[in-house]
Amino acid sequence: MSLPTKTGWYRARWPQLTTWSCVLVTVTGSVVSVYDPGVSRWRPLSDVDEWGPCIDDMEAEVVILRGYFVAMTGIADDAHRRCEELRDELAALFDGGDR
Amino acid sequence: MTPRDKLRASLRANSEHVRQWPDWLRAAISTAGVFAPIQKGNGNGNMITQSIPTKSGWYRARWPGHTRWSCVSVSMTDTEASVYDPGVSRWRPLSDVVEWGLNVDSLQNEVVSLRKFVSAQGDCDVASAKENANLRADLRVATVTIANLRAAVDTLTTILDKGAR
């Protein structure tokens with residue numbers, strides 16, 4: 001995962017810890033720092049062992065994906081209904097042909 | 001296998017494919033966990049949709065006097081639920097937070113699930129378009145075949161009628 005380049009909340013893993021935290025990153029000019037609540041001070045990004053995704057971006061993405069999900073489910077339902085209709089039309093034709 | 005048998009077999013296969021769709025959609029819905037928001041009153045008689053921490057983890061939260069959202073660590077034990085406030089370096093009751101947002105772990109899982117759904121949906125769109133095209137083609141063949149059969153029956157009936165007269 002790439003290093004943060006903009007201000008916001010990120011998932012991060014501090015050294016010696018196995019669980020992931022959420023950290024605040026700030027960009028001031030060319031300086032990018034991460035706030036460590038454990039020592040109540042700002043530290044360089046390199047002090048974090050592993051970086052995860054930007055939480056603000058994830059929140060925005062999930063809204064878009066949920067909208068897409070709802071829309072696609074509706075389209076799939078319509079397609080399903082259309083398939084059922086076609087199946088019924090075929091069945092009706094068989095019934096007519098069997099007379 | 002007669003054309004009619006082929007048509008019946010094709011119809012059965014298509015129907016089976018269509019029957020599988022709802023399960024697939026249900027699985028996607030339950031994995032994504034999209035439709036399980038919690039509603040609560042906002043004090044003005046209105047209902048607002050909001051997640052309330054129900055387990056330990058990281059959550060989006062808004063502290064009093066702040067317009068921007070933070071991420072906070074929530075701890076749940078059998079007896080109490082608290083939120084860590086790094087501003088004062090202590091644990092506080094959940095009620096000290098003005099507004100609660102999503103659980104960050106769930107958010108991350110949901111994004112992963114939905115991304116998979118979107119990716120799978122692309123494949124399904126192609127598959128369903130093919131199935132629909134196959135069904136329409138079957139329908140056209142069946143219509144023509146049955147029209148021909150009916151015409152043949154009409155012709156035979158006419159011949160038999162003439163013979164009987």
# chains A, B, ... in the order shown; residues from 1 in each chain; ligands from 1
>>> select_by_dssp(residues="chain A", states="helix (DSSP H, G or I)", output="number ranges by chain")
A: 45-47, 55-98
>>> residues_around(residues="Pro53 of chain B", least_positions_apart="2", cutoff="10 Å", atoms="only C-alpha atoms", output="list in words")
Gln50, Ser51, Lys55, Ser56, Gly57, Trp58, Tyr59, Arg60, Val74, Ser75, Met76, Ala81, Ser82, Val83, Leu94, Trp100, Gly101, Leu102 and Asn103 of chain B
>>> closest_atom_pairs(of="chain A", to="chain B", cutoff="8 Å", atoms="only C-alpha atoms", output="tab-separated table")
residue	atom	partner	partner_atom	distance
A:Trp9	CA	B:Cys71	CA	7.2
A:Ser21	CA	B:Trp58	CA	7.4
A:Cys22	CA	B:Cys71	CA	6.2
A:Val23	CA	B:Cys71	CA	7.6
A:Pro37	CA	B:Pro86	CA	5.6
A:Ser40	CA	B:Pro86	CA	7.8
A:Ile55	CA	B:Val104	CA	7.6
A:Met58	CA	B:Val111	CA	7.1
A:Glu59	CA	B:Leu107	CA	7.3
A:Glu61	CA	B:Val111	CA	7.4
A:Val62	CA	B:Val111	CA	5.7
A:Leu65	CA	B:Leu114	CA	6.2
A:Arg66	CA	B:Val34	CA	7.1
A:Tyr68	CA	B:Val118	CA	7.9
A:Phe69	CA	B:Leu114	CA	7.3
A:Met72	CA	B:Gln121	CA	7.7
A:Thr73	CA	B:Leu25	CA	7.4
A:Ala79	CA	B:Ser128	CA	7.6
A:His80	CA	B:Val18	CA	6.4
A:Cys83	CA	B:Asn132	CA	6.6
A:Glu84	CA	B:Ser15	CA	7.8
A:Leu86	CA	B:Leu135	CA	6.7
A:Arg87	CA	B:Leu11	CA	7.0
A:Glu89	CA	B:Leu139	CA	7.7
A:Leu90	CA	B:Leu139	CA	6.0
A:Leu93	CA	B:Thr143	CA	7.1
A:Gly97	CA	B:Ile146	CA	5.8
>>> select_by_dssp(residues="segment 4-86 of chain A", states="strand (DSSP E or B)", output="list in words")
Gly8, Trp9, Tyr10, Arg11, Ala12, Arg13, Ser21, Cys22, Val23, Leu24, Val25, Thr26, Val27, Thr28, Val31, Val32, Ser33, Val34, Tyr35, Asp36, Arg41, Trp42, Arg43, Pro44, Glu50, Trp51, Gly52, Pro53 and Cys54 of chain A
>>> residues_around(residues="Asp36 of chain A", least_positions_apart="5", cutoff="12 Å", atoms="only C-alpha atoms", output="number ranges by chain")
A: 12-15, 21-26, 41-45, 47-48; B: 86-87, 89
>>> write_last_selection(atoms="C-alpha atoms", output="mmCIF file, in the first residue's frame")
data_model
loop_
_atom_site.group_PDB
_atom_site.id
_atom_site.type_symbol
_atom_site.label_atom_id
_atom_site.label_comp_id
_atom_site.auth_asym_id
_atom_site.auth_seq_id
_atom_site.Cartn_x
_atom_site.Cartn_y
_atom_site.Cartn_z
ATOM 1 C CA ALA A 12 -2.191 1.979 9.733
ATOM 2 C CA ARG A 13 -0.230 -0.598 11.706
ATOM 3 C CA TRP A 14 2.247 0.636 14.275
ATOM 4 C CA PRO A 15 5.490 -1.301 14.914
ATOM 5 C CA SER A 21 -5.334 1.323 13.951
ATOM 6 C CA CYS A 22 -6.886 4.403 12.417
ATOM 7 C CA VAL A 23 -4.549 7.389 12.305
ATOM 8 C CA LEU A 24 -4.808 11.022 11.341
ATOM 9 C CA VAL A 25 -2.394 12.201 8.661
ATOM 10 C CA THR A 26 -1.729 15.846 7.957
ATOM 11 C CA ARG A 41 2.792 13.978 19.081
ATOM 12 C CA TRP A 42 3.170 14.054 15.305
ATOM 13 C CA ARG A 43 5.632 11.601 13.768
ATOM 14 C CA PRO A 44 7.007 10.971 10.254
ATOM 15 C CA LEU A 45 5.080 8.529 8.069
ATOM 16 C CA ASP A 47 7.369 5.434 11.786
ATOM 17 C CA VAL A 48 4.325 3.413 10.721
ATOM 18 C CA PRO B 86 -6.956 10.908 22.525
ATOM 19 C CA GLY B 87 -7.547 14.611 23.240
ATOM 20 C CA SER B 89 -6.039 10.509 26.958
#
>>> atom_distance(atom1="atom CA of Tyr35 of chain A", atom2="atom CA of Thr54 of chain B")
26.5 Å
>>> atom_distance(atom1="atom CA of Ile64 of chain A", atom2="atom CA of Ala120 of chain B")
16.6 Å
>>> closest_residue(among="A:Arg81, A:Gly67, A:Gly74, A:Pro53", to="Asn109 of chain B", atoms="only C-alpha atoms")
A:Pro53
>>> residues_around(residues="Pro4 of chain A", least_positions_apart="6", cutoff="8 Å", atoms="only C-alpha atoms", output="MDAnalysis selection string")
chainID A and resid 10 25 51 54
>>> write_last_selection(atoms="C-alpha atoms", output="CSV table (one decimal), in the first residue's frame")
chain,number,residue,atom,x,y,z
A,10,TYR,CA,-6.0,6.2,7.3
A,25,VAL,CA,-2.4,12.2,8.7
A,51,TRP,CA,-0.3,1.7,5.6
A,54,CYS,CA,-7.7,6.2,3.2
